[in-house]
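Data first, discussion second: the structure below is written as structure tokens.
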Amino acid sequence: MNKLNIIFTVLAFVLVSCDDKSAELREEYDTLLGESQRLTEVHQELSEANELLGQEHLELTNLIDNLSEETVGLPDLAEHEVILQRHEAILQGHQALLQGHEELKDGFGELTPEEMEAQIDKMREDHERLVEGHEEMTDEHEELRQQHEELRTELSTLLEEIDI
């Protein structure tokens, strides 16, 4: 009988420990979901900025194409187009990651503690990759905006010279 009490006590302790571990992991997961939400907002802002830069790029390209003889000395915008297309591909990949995080939410409580830990580790890695990608895109967007502004100034000067 004494052995039976010890076994039940150990079993109860193990079950309570697992529940505590699961609760801690759920709390950590909820925190990561909050981070995912913030990353989703930044992702949306970057998507909108990328779309606006794409429109600006198209406008500048069309203007340069219409003034082809007069714009011989102006930079080629093909590199900008490549950057914008690369950003679009990165944003699509980020969207898939964020969607996966959202889809995991429904079944997370049913995972074992080991599976929970693995999912949390993967989310952390994903978040790091998202932040790095967002920072790189933000820097490149700023650079493109500056180059667009410089090009607009050059085009404005050129158009003034042509009209004279």
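Just so we're on the same page: first chain in the structure tokens is A, next is B, and so on; residues restart at 1 for each chain, and ligands are numbered from 1 in the order they show up.
For Leu39 in chain A, the non-local neighbours within 8 Å, defined as residues at least 5 positions apart in the same chain or in other chains and counting only C-alpha atoms, are A:His127, A:Leu130, A:Val131.
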So that I have them on file, write out the residues from the current selection with N, CA and C atoms, as a tab-separated table (two decimals), in the first residue's frame.
chain	number	residue	atom	x	y	z
A	127	HIS	N	10.43	35.21	-36.47
A	127	HIS	CA	10.36	36.63	-36.09
A	127	HIS	C	11.69	37.33	-36.37
A	130	LEU	N	11.88	37.86	-40.04
A	130	LEU	CA	10.96	38.92	-40.44
A	130	LEU	C	11.52	40.30	-40.10
A	131	VAL	N	12.04	40.45	-38.90
A	131	VAL	CA	12.59	41.75	-38.47
A	131	VAL	C	13.77	42.13	-39.37
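The residue that comes closest to Asp76 in chain A, out of A:Ser47, A:Gln147, A:Asp20, A:Gly100 and on the basis of only C-alpha atoms, is A:Gln147.
Proximity of A:Glu79, A:Glu45, A:Glu27, A:Glu35 to Leu144 in chain A, computed with only C-alpha atoms, is greatest for A:Glu79.
Across the model, the gap from CA of His87 in chain A to CA of Ala49 in chain A is 10.5 Å.
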Checklist entry - Could you pull the residues within 10 Å of Glu102 in chain A, counting only C-alpha atoms, minus those fewer than 4 positions along the same chain, as a list in words? => result Leu33, Ser36, Gln37, Ala96, Leu97, Leu98 and Asp106 of chain A
Please produce a file of those selected residues containing N, CA and C atoms, as a compact mmCIF listing (two decimals), in the first residue's frame.
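Heads up, here's the output in part-v9.txt:
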# COMPACT_ATOMS: atom_id res chain seq x y z
N LEU A 33 2.50 35.55 -30.19
CA LEU A 33 1.40 35.93 -31.06
C LEU A 33 1.22 37.43 -31.10
N SER A 36 3.80 38.67 -33.32
CA SER A 36 3.40 38.37 -34.70
C SER A 36 2.41 39.42 -35.20
N GLN A 37 1.50 39.83 -34.33
CA GLN A 37 0.52 40.85 -34.72
C GLN A 37 1.22 42.17 -35.05
N ALA A 96 3.26 34.36 -45.80
CA ALA A 96 3.04 32.93 -45.57
C ALA A 96 3.46 32.54 -44.15
N LEU A 97 4.59 33.06 -43.68
CA LEU A 97 5.03 32.78 -42.31
C LEU A 97 4.02 33.28 -41.28
N LEU A 98 3.58 34.50 -41.46
CA LEU A 98 2.63 35.09 -40.51
C LEU A 98 1.30 34.35 -40.53
N ASP A 106 -5.09 27.81 -33.36
CA ASP A 106 -6.23 26.97 -33.00
C ASP A 106 -5.82 25.65 -32.35
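Going from CA of Glu160 in chain A over to CA of Asp65 in chain A, you cover 17.3 Å.
Residue nearest Gln44 in chain A within the list A:His134, A:Glu28, A:Ala118, A:His57: A:His134 [criterion: smallest interatomic distance, only C-alpha atoms].
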Next on the checklist: So, with only C-alpha atoms as the atoms that count, which of A:Thr61, A:Thr40, A:Asn66, A:Ser156 lies closest to His94 in chain A?
Outcome noted: A:Thr40
Which polymer residues have any atom within 8 Å of an atom of Met123 in chain A, counting only C-alpha atoms, with same-chain residues fewer than 4 positions away left out, as a PDB file with N, CA and C atoms, in the first residue's frame?
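Saved to part14.pdb:
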ATOM      1  N   LEU A  32       4.350  35.622 -28.105  1.00  0.00           N
ATOM      2  CA  LEU A  32       4.842  35.578 -29.487  1.00  0.00           C
ATOM      3  C   LEU A  32       3.742  35.932 -30.485  1.00  0.00           C
ATOM      4  N   HIS A 101       1.659  31.214 -38.522  1.00  0.00           N
ATOM      5  CA  HIS A 101       1.590  31.485 -37.079  1.00  0.00           C
ATOM      6  C   HIS A 101       0.129  31.602 -36.641  1.00  0.00           C
ATOM      7  N   GLN A 119       7.515  24.591 -31.695  1.00  0.00           N
ATOM      8  CA  GLN A 119       6.780  25.632 -32.422  1.00  0.00           C
ATOM      9  C   GLN A 119       7.210  27.026 -31.963  1.00  0.00           C
ATOM     10  N   HIS A 127      10.428  35.212 -36.468  1.00  0.00           N
ATOM     11  CA  HIS A 127      10.360  36.626 -36.088  1.00  0.00           C
ATOM     12  C   HIS A 127      11.688  37.328 -36.367  1.00  0.00           C
TER      13      HIS A 127
END
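CA of Tyr29 in chain A sits 6.3 Å away from CA of Ile120 in chain A.
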Checklist entry - Quick one: residues within 12 Å of Ala78 in chain A, only C-alpha atoms counted, chain neighbours fewer than 4 positions away excluded, as a ChimeraX atom specification? => result /A:54,57-58,60-61,82-85
Selection to disk with C-alpha atoms, as a PDB file, in the first residue's frame:
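The result, written out as selection-v4.pdb:
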ATOM      1  CA  GLY A  54       6.290  50.673 -57.543  1.00  0.00           C
ATOM      2  CA  HIS A  57       8.846  53.871 -60.350  1.00  0.00           C
ATOM      3  CA  LEU A  58       6.341  53.272 -63.142  1.00  0.00           C
ATOM      4  CA  LEU A  60       9.252  57.905 -63.599  1.00  0.00           C
ATOM      5  CA  THR A  61       9.971  55.142 -66.105  1.00  0.00           C
ATOM      6  CA  VAL A  82      14.574  44.390 -59.632  1.00  0.00           C
ATOM      7  CA  ILE A  83      14.667  45.613 -56.021  1.00  0.00           C
ATOM      8  CA  LEU A  84      10.906  46.188 -55.952  1.00  0.00           C
ATOM      9  CA  GLN A  85      10.232  42.736 -57.406  1.00  0.00           C
TER      10      GLN A  85
END
